[in-house]
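Colleague: File name coords_10.txt; file contents compact mmCIF, C-alpha atoms; full text below.
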```txt
# COMPACT_ATOMS: atom_id res chain seq x y z
CA MET A 5 70.39 106.91 9.24
CA MET A 6 72.89 105.49 11.72
CA ASP A 7 74.64 102.31 10.55
CA GLU A 8 74.66 99.11 12.58
CA ALA A 9 78.32 99.37 13.62
CA SER A 10 77.92 102.91 14.99
CA PHE A 11 74.75 101.86 16.76
CA GLU A 12 76.54 98.94 18.40
CA VAL A 13 79.26 101.24 19.76
CA LEU A 14 76.66 103.67 21.12
CA TYR A 15 74.59 100.84 22.57
CA GLN A 16 77.54 99.20 24.34
CA GLU A 17 78.36 102.55 25.87
CA THR A 18 74.90 103.59 26.99
CA ALA A 19 72.57 100.58 27.35
CA ARG A 20 73.60 99.32 30.80
CA PRO A 21 73.59 102.68 32.63
CA LEU A 22 70.39 103.61 30.85
CA TRP A 23 68.74 100.33 31.87
CA SER A 24 69.83 100.89 35.50
CA TYR A 25 68.41 104.39 35.44
CA ILE A 26 65.05 103.22 34.05
CA TYR A 27 64.93 100.29 36.44
CA ARG A 28 65.75 102.35 39.53
CA VAL A 29 63.25 105.05 38.63
CA SER A 30 60.45 102.63 37.70
CA GLY A 31 61.32 99.87 40.18
CA ASN A 32 60.27 97.30 37.61
CA PRO A 33 62.84 95.22 35.66
CA SER A 34 60.54 94.05 32.88
CA LEU A 35 59.31 97.59 32.36
CA ALA A 36 62.94 98.70 32.21
CA ASP A 37 63.53 96.15 29.41
CA ASP A 38 60.55 97.44 27.45
CA ILE A 39 61.38 101.12 27.91
CA LEU A 40 65.02 100.50 26.99
CA GLN A 41 64.07 98.91 23.67
CA GLU A 42 61.44 101.55 22.96
CA THR A 43 64.01 104.26 23.72
CA TYR A 44 66.48 102.93 21.13
CA TYR A 45 63.69 102.35 18.63
CA ARG A 46 62.57 105.98 18.93
CA PHE A 47 66.16 107.16 18.82
CA LEU A 48 66.80 105.28 15.57
CA ARG A 49 63.56 106.53 14.04
CA ALA A 50 64.19 110.16 14.92
CA PRO A 51 65.59 112.45 12.23
CA ARG A 52 69.38 112.48 12.40
CA LEU A 53 70.70 115.66 13.92
CA GLN A 54 74.33 116.59 14.37
CA MET A 55 74.94 115.60 17.97
CA ASP A 56 78.11 114.95 19.93
CA ARG A 57 78.46 112.09 22.43
CA ALA A 58 77.10 114.09 25.38
CA GLN A 59 74.13 115.37 23.41
CA THR A 60 73.33 111.89 22.12
CA LYS A 61 73.42 110.55 25.67
CA SER A 62 71.18 113.39 26.90
CA TYR A 63 68.81 112.72 24.04
CA LEU A 64 68.55 109.01 24.92
CA TYR A 65 67.88 109.82 28.58
CA ARG A 66 65.30 112.39 27.55
CA ILE A 67 63.42 109.80 25.48
CA ALA A 68 63.59 107.28 28.33
CA THR A 69 62.42 109.88 30.86
CA ASN A 70 59.46 110.83 28.67
CA LEU A 71 58.53 107.16 28.37
CA LEU A 72 58.81 106.80 32.14
CA HIS A 73 56.54 109.82 32.60
CA ASP A 74 54.00 108.28 30.21
CA HIS A 75 54.17 105.11 32.25
CA HIS A 76 53.74 106.96 35.56
CA ARG A 77 50.69 108.74 34.18
CA GLY A 78 49.22 105.42 33.09
CA GLN A 79 50.16 103.78 36.37
CA GLN A 80 48.23 106.39 38.34
CA LEU A 81 45.11 104.97 36.76
CA GLU A 82 45.94 101.42 37.79
CA ASP A 83 44.68 99.90 41.00
CA LYS A 84 46.74 99.17 44.09
CA ALA A 85 46.85 95.45 43.38
CA SER A 86 48.80 96.02 40.20
CA GLU A 87 51.26 98.35 41.95
CA SER A 88 52.05 95.76 44.60
CA LEU A 89 52.66 93.23 41.83
CA HIS A 90 55.36 95.52 40.40
CA ALA A 91 56.90 95.90 43.84
CA ASP A 92 57.10 92.12 44.24
CA GLU A 93 58.72 91.80 40.85
CA ALA A 94 61.29 94.46 41.70
CA ASP A 95 62.27 92.54 44.83
CA THR A 96 63.78 89.80 42.69
CA LEU A 97 66.68 92.05 41.66
CA ARG A 98 67.30 93.75 44.96
CA SER A 99 70.39 93.13 46.99
CA ASP A 100 69.67 95.87 49.48
CA PRO A 101 65.90 95.86 49.86
CA ASP A 102 65.73 98.51 52.59
CA VAL A 103 67.58 101.21 50.69
CA THR A 104 65.79 100.33 47.48
CA ARG A 105 62.43 100.44 49.27
CA LEU A 106 63.27 103.87 50.66
CA PHE A 107 64.40 105.05 47.24
CA GLN A 108 61.10 103.89 45.76
CA LYS A 109 59.25 106.04 48.31
CA LEU A 110 60.49 109.14 46.51
CA LYS A 111 58.53 110.72 43.69
CA PRO A 112 59.57 109.60 40.17
CA GLN A 113 61.09 112.99 39.39
CA GLU A 114 63.10 112.90 42.63
CA ARG A 115 64.45 109.46 41.73
CA GLU A 116 65.36 110.70 38.24
CA LEU A 117 67.20 113.72 39.61
CA LEU A 118 69.12 111.83 42.27
CA TRP A 119 70.14 109.04 39.93
CA LEU A 120 71.29 111.34 37.15
CA ALA A 121 73.22 113.57 39.55
CA TYR A 122 74.79 111.18 42.02
CA VAL A 123 75.06 107.89 40.14
CA GLU A 124 75.59 109.09 36.58
CA GLY A 125 77.49 112.17 37.76
CA ASN A 126 75.81 114.55 35.32
CA GLU A 127 76.07 118.30 35.66
CA HIS A 128 72.95 120.32 36.41
CA LYS A 129 72.86 121.63 32.83
CA GLU A 130 72.90 118.09 31.43
CA ILE A 131 70.21 116.94 33.86
CA ALA A 132 68.02 119.86 32.81
CA ARG A 133 68.38 118.78 29.19
CA MET A 134 67.64 115.15 30.00
CA LEU A 135 64.54 115.89 32.07
CA GLY A 136 63.26 118.80 30.05
CA LEU A 137 63.52 121.20 32.99
CA LYS A 138 65.03 124.64 33.41
CA ASP A 139 68.73 124.77 34.36
CA LYS A 140 68.07 126.98 37.36
CA SER A 141 65.38 124.77 38.87
CA ILE A 142 67.66 121.70 39.04
CA ARG A 143 69.61 122.92 42.04
CA VAL A 144 66.46 123.49 44.11
CA LEU A 145 64.72 120.30 43.00
CA LEU A 146 67.85 118.25 43.57
CA PHE A 147 68.35 119.78 46.99
CA ARG A 148 64.78 118.89 48.01
CA ALA A 149 65.05 115.36 46.61
CA ARG A 150 68.36 114.77 48.40
CA ARG A 151 67.00 116.16 51.65
CA ARG A 152 64.00 113.87 51.37
CA LEU A 153 66.11 110.76 50.75
CA ALA A 154 68.52 111.69 53.52
CA ASN A 155 65.57 112.02 55.93
CA LEU A 156 64.16 108.69 54.82
CA LEU A 157 67.57 107.06 55.31
CA ARG A 158 67.90 108.66 58.73
CA VAL A 159 64.43 107.52 59.83
CA GLY A 160 65.14 104.07 58.36
CA SER A 161 68.41 103.67 60.25
CA GLU A 162 66.83 104.97 63.47
CA GLY A 163 64.05 102.42 63.03
CA GLU A 164 66.63 99.65 62.61
CA ALA A 165 68.51 100.79 65.74
CA LYS A 166 65.32 100.55 67.81
CA MET B 266 79.07 129.39 49.87
CA THR B 267 76.21 127.47 51.38
CA SER B 268 72.88 128.94 50.39
CA GLU B 269 69.31 128.03 51.19
CA PHE B 270 69.41 125.34 48.51
CA GLY B 271 72.77 123.68 48.89
CA CYS B 272 76.38 124.55 48.47
CA ASP B 273 78.11 126.14 45.48
CA ARG B 274 80.80 123.46 45.57
CA GLU B 275 78.28 120.63 45.35
CA GLU B 276 78.91 119.73 41.70
CA GLU B 277 82.65 119.84 42.31
CA VAL B 278 82.21 117.46 45.26
CA VAL B 279 80.05 115.07 43.21
CA ARG B 280 82.64 114.99 40.39
CA ALA B 281 85.52 114.40 42.77
CA PHE B 282 83.64 111.73 44.69
CA ALA B 283 82.72 109.94 41.45
CA VAL B 284 86.37 109.54 40.46
CA GLY B 285 87.59 108.92 44.01
CA GLU B 286 89.55 112.16 44.20
CA LEU B 287 87.98 113.75 47.23
CA SER B 288 91.03 115.01 49.02
CA GLY B 289 92.87 118.15 50.15
CA GLN B 290 90.90 121.36 50.39
CA LEU B 291 87.74 119.78 49.07
CA ALA B 292 87.83 117.05 51.72
CA GLU B 293 88.34 119.69 54.40
CA HIS B 294 85.41 121.64 52.99
CA CYS B 295 83.21 118.53 53.14
CA GLU B 296 84.02 118.04 56.81
CA SER B 297 82.75 121.50 57.64
CA CYS B 298 79.83 121.66 55.17
CA ASP B 299 76.64 119.84 56.21
CA ASN B 300 75.26 120.06 52.69
CA CYS B 301 78.29 118.43 51.05
CA ARG B 302 78.46 115.76 53.75
CA GLU B 303 74.87 114.90 52.90
CA VAL B 304 75.74 114.85 49.19
CA ILE B 305 78.51 112.32 49.86
CA HIS B 306 76.28 110.21 52.06
CA VAL B 307 73.47 110.08 49.47
CA SER B 308 75.96 109.49 46.63
CA ARG B 309 77.53 106.60 48.56
CA VAL B 310 74.13 104.97 49.20
CA LEU B 311 73.00 105.38 45.59
CA LYS B 312 76.31 104.16 44.15
CA LYS B 313 75.98 101.11 46.36
CA ILE B 314 72.56 100.18 45.01
CA ALA B 315 73.75 101.02 41.48
CA GLY B 316 76.65 98.60 41.92
CA GLU B 317 74.26 95.91 43.08
CA THR B 318 71.96 96.32 40.10
CA LYS B 319 72.42 93.47 37.67
CA SER B 320 71.43 94.85 34.31
CA GLN B 321 70.54 92.29 31.67
CA VAL B 322 70.29 94.23 28.46
CA PRO B 323 69.59 92.50 25.15
CA ALA B 324 72.32 92.32 22.51
CA ALA B 325 72.83 95.40 20.33
CA GLY B 326 72.17 93.35 17.18
CA PHE B 327 68.81 92.23 18.50
CA VAL B 328 67.71 95.77 19.34
CA TRP B 329 68.92 96.97 15.92
CA TRP B 330 67.08 94.18 14.07
CA GLN B 331 63.91 94.69 16.09
CA SER B 332 63.94 98.44 15.43
CA ARG B 333 64.33 97.84 11.70
CA LEU B 334 61.49 95.33 11.71
CA ARG B 335 59.17 97.63 13.63
CA HIS B 336 60.06 100.52 11.35
CA LYS B 337 59.26 98.42 8.29
CA GLN B 338 55.95 97.30 9.78
CA SER B 339 54.91 100.82 10.73
CA THR B 340 55.82 102.08 7.23
CA GLU B 341 53.65 99.37 5.68
CA GLN B 342 50.80 100.16 8.05
CA ARG B 343 51.06 103.86 7.26
CA LEU B 344 50.99 103.14 3.52
CA ALA B 345 47.97 100.86 3.91
CA ARG B 346 46.22 103.56 5.93
CA VAL B 347 46.91 106.18 3.25
CA MET B 348 45.61 103.89 0.51
CA SER B 349 42.53 103.06 2.51
CA LEU B 350 41.88 106.75 3.16
CA ALA B 351 42.34 107.56 -0.54
CA ARG B 352 39.88 104.85 -1.45
CA ALA B 353 37.41 106.05 1.15
CA ALA B 354 37.75 109.63 -0.11
CA THR B 355 37.12 108.55 -3.70
CA VAL B 356 34.06 106.54 -2.75
CA THR B 357 32.72 109.32 -0.53
CA VAL B 358 33.13 111.98 -3.23
CA SER B 359 31.46 109.72 -5.79
CA ALA B 360 28.63 108.93 -3.40
CA LEU B 361 28.13 112.59 -2.53
CA GLY B 362 28.11 113.49 -6.22
CA LEU B 363 25.54 110.81 -6.91
CA VAL B 364 23.36 111.88 -4.00
CA ALA B 365 23.61 115.56 -5.04
CA TRP B 366 22.66 114.69 -8.59
CA ALA B 367 19.76 112.55 -7.38
CA ILE B 368 18.49 115.36 -5.12
CA VAL B 369 18.65 117.96 -7.89
CA HIS B 370 16.91 115.70 -10.39
CA ARG B 371 14.68 113.80 -7.98
CA SER B 372 11.40 114.92 -9.62
CA ASP B 373 12.35 114.06 -13.15
CA ILE B 374 14.88 111.31 -12.52
CA GLY B 375 12.59 108.72 -14.06
CA VAL B 376 11.77 110.99 -16.99
CA GLY B 377 15.46 111.77 -17.50
CA LEU B 378 16.36 108.12 -17.54
CA ARG B 379 13.60 107.44 -20.03
CA GLU B 380 14.83 110.34 -22.20
CA VAL B 381 18.32 108.94 -22.13
CA GLY B 382 16.87 105.60 -23.05
CA SER B 383 14.87 107.00 -25.96
CA SER B 384 17.76 109.15 -27.25
CA VAL B 385 19.93 106.07 -27.24
CA ALA B 386 17.10 104.24 -28.97
CA GLN B 387 17.20 106.80 -31.80
CA TRP B 388 20.62 105.58 -32.91
CA SER B 389 20.28 102.01 -31.79
CA SER B 390 17.73 99.38 -30.98
CA PRO B 391 15.29 99.67 -27.97
CA ASN B 392 17.22 96.83 -26.38
CA THR B 393 20.32 99.03 -26.19
CA ALA B 394 18.33 101.73 -24.34
CA SER B 395 17.20 99.31 -21.70
CA SER B 396 20.78 97.99 -21.46
CA VAL B 397 22.01 101.51 -20.67
CA LEU B 398 19.38 101.82 -17.93
CA ALA B 399 20.37 98.45 -16.51
CA LEU B 400 24.02 99.48 -16.60
CA ALA B 401 23.22 102.69 -14.67
CA TYR B 402 21.40 100.70 -11.99
CA ILE B 403 24.26 98.16 -11.73
CA THR B 404 26.81 100.98 -11.42
CA MET B 405 24.80 102.52 -8.57
CA LEU B 406 24.52 99.14 -6.87
CA LEU B 407 28.29 98.53 -7.16
CA LEU B 408 28.96 101.96 -5.70
CA VAL B 409 26.74 101.21 -2.72
CA ILE B 410 28.49 97.84 -2.19
CA ASN B 411 31.87 99.60 -2.39
CA ILE B 412 30.79 102.14 0.23
CA VAL B 413 29.62 99.38 2.58
CA LEU B 414 32.87 97.40 2.13
CA THR B 415 35.06 100.47 2.68
CA VAL B 416 33.20 101.42 5.86
CA ARG B 417 33.50 97.83 7.13
CA ALA B 418 37.25 97.75 6.36
CA HIS B 419 37.71 101.04 8.27
CA VAL B 420 35.79 99.78 11.27
CA SER B 421 37.77 96.51 11.42
CA ASN B 422 41.08 98.41 10.96
CA ARG B 423 40.28 100.64 13.92
CA ARG B 424 39.30 97.67 16.08
CA GLY B 425 42.43 95.75 15.02
```
Before we go any further, please render this structure as structure tokens.

Modeller:
Amino acid sequence: MMDEASFEVLYQETARPLWSYIYRVSGNPSLADDILQETYYRFLRAPRLQMDRAQTKSYLYRIATNLLHDHHRGQQLEDKASESLHADEADTLRSDPDVTRLFQKLKPQERELLWLAYVEGNEHKEIARMLGLKDKSIRVLLFRARRRLANLLRVGSEGEAK
Amino acid sequence: MTSEFGCDREEEVVRAFAVGELSGQLAEHCESCDNCREVIHVSRVLKKIAGETKSQVPAAGFVWWQSRLRHKQSTEQRLARVMSLARAATVTVSALGLVAWAIVHRSDIGVGLREVGSSVAQWSSPNTASSVLALAYITMLLLVINIVLTVRAHVSNRRG
């Protein structure tokens, strides 16, 4: 079992980027709070394996991603009214609503890939571990996600120009 | 270097861009590579919204304490569930045994009880024989009450 001091060091290092990742993928700050706490709870409960810093980080992101997937599956069953409520809530933390709105138009997996690659700066191998995907598929999936966001940004900026 | 799905130098570009070291040959490459230009554009946009995200994470101590508390609660719940299951299993086995015995001896159950009563009466008073019968009936009644209570506890646990 990890002791409190080691946990604090790990938490200080990982909590903020992990929260940002969950928030940007889910688009919901209170959900990000809940998933963050659940992620650390599950991490602490899991049997202790010998992991280095990078593996520990990947493991935390993997737990968070699985929780996000569970949420997305549950959310698909919710009605539209509830979804728009989440969108309103997310607006409270936005500084750049247009870009954030465009980012939220992507599929959850596309948001996960883009965030982990271009914000967190993870290598494809690490992303594969975090998302539970095959190494080789990351390049293709990331390419498609990036192309989709770039198109959305292009259309968005063209719309603004008009 | 550029294939159908991006450029081979993409990861290198992302790493260099992240640390602000996109210069020299790599910068020249980015100018001529549509894919890498797009990577930089998307990275810039995402980094911007990442920088604008105000994360308000709870204190490490709070998360640690809450995890410990939840772990303790779930351990207690698991233990209670195991004990409840053990109790239910005991009651069920006893009940099944009783029912099986009753089915096998259903025709002569009354006779059997009377024989038990009379054999007890041979070494004690007739009052003792009727006490044994009464005790058997009370035991059966208690067993039935126990079954009902266990089933009720299970149902309320599941609802809770």

Colleague: Find the distance between CA of Arg151 in chain A and CA of His306 in chain B and write it in Å to one decimal.

Modeller: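 If I compute the distance from CA of Arg151 in chain A to CA of His306 in chain B, I get 11.0 Å.
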
Colleague: Which is closer to Glu127 in chain A than all the others in A:Leu156, A:Leu110, A:Ala58, A:Gln79, using all atoms listed in the file?

Modeller: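 Ranking A:Leu156, A:Leu110, A:Ala58, A:Gln79 by distance to Glu127 in chain A, first place goes to A:Ala58.
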
Colleague: Got a sec to check which residues sit within 10 Å of (62.7, 104.8, 52.2), counting only C-alpha atoms, and write them as a JSON list (two decimals) with C-alpha atoms, in the coordinates of the input?

Modeller:
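Wrote it out as selection00.json, contents follow:
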```
[["chain", "number", "residue", "atom", "x", "y", "z"],
["A", 101, "PRO", "CA", 65.90, 95.86, 49.86],
["A", 102, "ASP", "CA", 65.73, 98.51, 52.59],
["A", 103, "VAL", "CA", 67.58, 101.21, 50.69],
["A", 104, "THR", "CA", 65.79, 100.33, 47.48],
["A", 105, "ARG", "CA", 62.43, 100.44, 49.27],
["A", 106, "LEU", "CA", 63.27, 103.87, 50.66],
["A", 107, "PHE", "CA", 64.40, 105.05, 47.24],
["A", 108, "GLN", "CA", 61.10, 103.89, 45.76],
["A", 109, "LYS", "CA", 59.25, 106.04, 48.31],
["A", 110, "LEU", "CA", 60.49, 109.14, 46.51],
["A", 152, "ARG", "CA", 64.00, 113.87, 51.37],
["A", 153, "LEU", "CA", 66.11, 110.76, 50.75],
["A", 154, "ALA", "CA", 68.52, 111.69, 53.52],
["A", 155, "ASN", "CA", 65.57, 112.02, 55.93],
["A", 156, "LEU", "CA", 64.16, 108.69, 54.82],
["A", 157, "LEU", "CA", 67.57, 107.06, 55.31],
["A", 158, "ARG", "CA", 67.90, 108.66, 58.73],
["A", 159, "VAL", "CA", 64.43, 107.52, 59.83],
["A", 160, "GLY", "CA", 65.14, 104.07, 58.36],
["A", 161, "SER", "CA", 68.41, 103.67, 60.25]]
```

Colleague: Name the closest residue to Lys313 in chain B among the candidates A:Ile67, A:Leu137, A:Val123, A:Val13; distances are taken between atoms, counting all atoms listed in the file.

Modeller: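 Using all atoms listed in the file, the shortest distance to Lys313 in chain B belongs to A:Val123.
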
Colleague: Quick check: residues of chain B within 10 Å of chain A, only C-alpha atoms, returned as a ChimeraX atom specification.

Modeller: /B:269-273,275-277,279-284,300,303-333,335-336

Colleague: Find the spatial neighbours of Thr357 in chain B, counting all atoms listed in the file, within a cut-off of 9 Å - ignore same-chain residues fewer than 5 positions away - and output them as JSON, numbers by chain.

Modeller: {"B": [352, 362, 412]}

Colleague: With C-alpha atoms kept, could you save the residues just selected as a CSV table (one decimal), in the frame of the given file?

Modeller:
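Below is the file selection.csv, written as the result:
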```csv
chain,number,residue,atom,x,y,z
B,352,ARG,CA,39.9,104.8,-1.4
B,362,GLY,CA,28.1,113.5,-6.2
B,412,ILE,CA,30.8,102.1,0.2
```

Colleague: For the atom pair CA of Arg302 in chain B and CA of Gly285 in chain B, what is the interatomic distance in Å to one decimal place?

Modeller: 15.0 Å

Colleague: Looking at only C-alpha atoms, which of B:Arg371, B:Asp299, B:Ser349, B:Glu341 is the one that sits closest to Val420 in chain B?

Modeller: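 The answer is B:Ser349, which sits nearest to Val420 in chain B.
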
Colleague: Interatomic distance between CA of Lys111 in chain A and CA of Gly136 in chain A?

Modeller: 16.5 Å

Colleague: Output requested as a tab-separated table (two decimals), in the coordinates of the input - range 330-344 of chain B, filled out with N, CA and C atoms.

Modeller:
```tsv
chain	number	residue	atom	x	y	z
B	330	TRP	N	67.95	94.95	14.96
B	330	TRP	CA	67.08	94.18	14.07
B	330	TRP	C	65.61	94.45	14.38
B	331	GLN	N	65.29	94.48	15.69
B	331	GLN	CA	63.91	94.69	16.09
B	331	GLN	C	63.42	96.09	15.69
B	332	SER	N	64.29	97.07	15.82
B	332	SER	CA	63.94	98.44	15.43
B	332	SER	C	63.66	98.52	13.93
B	333	ARG	N	64.52	97.83	13.16
B	333	ARG	CA	64.33	97.84	11.70
B	333	ARG	C	63.00	97.19	11.32
B	334	LEU	N	62.72	96.07	11.99
B	334	LEU	CA	61.49	95.33	11.71
B	334	LEU	C	60.26	96.17	12.05
B	335	ARG	N	60.30	96.80	13.21
B	335	ARG	CA	59.17	97.63	13.63
B	335	ARG	C	58.99	98.83	12.70
B	336	HIS	N	60.11	99.37	12.26
B	336	HIS	CA	60.06	100.52	11.35
B	336	HIS	C	59.41	100.11	10.03
B	337	LYS	N	59.81	98.92	9.55
B	337	LYS	CA	59.26	98.42	8.29
B	337	LYS	C	57.75	98.19	8.43
B	338	GLN	N	57.37	97.57	9.55
B	338	GLN	CA	55.95	97.30	9.78
B	338	GLN	C	55.13	98.58	9.87
B	339	SER	N	55.67	99.57	10.57
B	339	SER	CA	54.91	100.82	10.73
B	339	SER	C	54.81	101.56	9.40
B	340	THR	N	55.87	101.44	8.55
B	340	THR	CA	55.82	102.08	7.23
B	340	THR	C	54.72	101.43	6.39
B	341	GLU	N	54.67	100.09	6.45
B	341	GLU	CA	53.65	99.37	5.68
B	341	GLU	C	52.25	99.73	6.16
B	342	GLN	N	52.12	99.83	7.49
B	342	GLN	CA	50.80	100.16	8.05
B	342	GLN	C	50.37	101.57	7.63
B	343	ARG	N	51.36	102.48	7.63
B	343	ARG	CA	51.06	103.86	7.26
B	343	ARG	C	50.61	103.93	5.80
B	344	LEU	N	51.31	103.17	4.95
B	344	LEU	CA	50.99	103.14	3.52
B	344	LEU	C	49.58	102.57	3.30
```
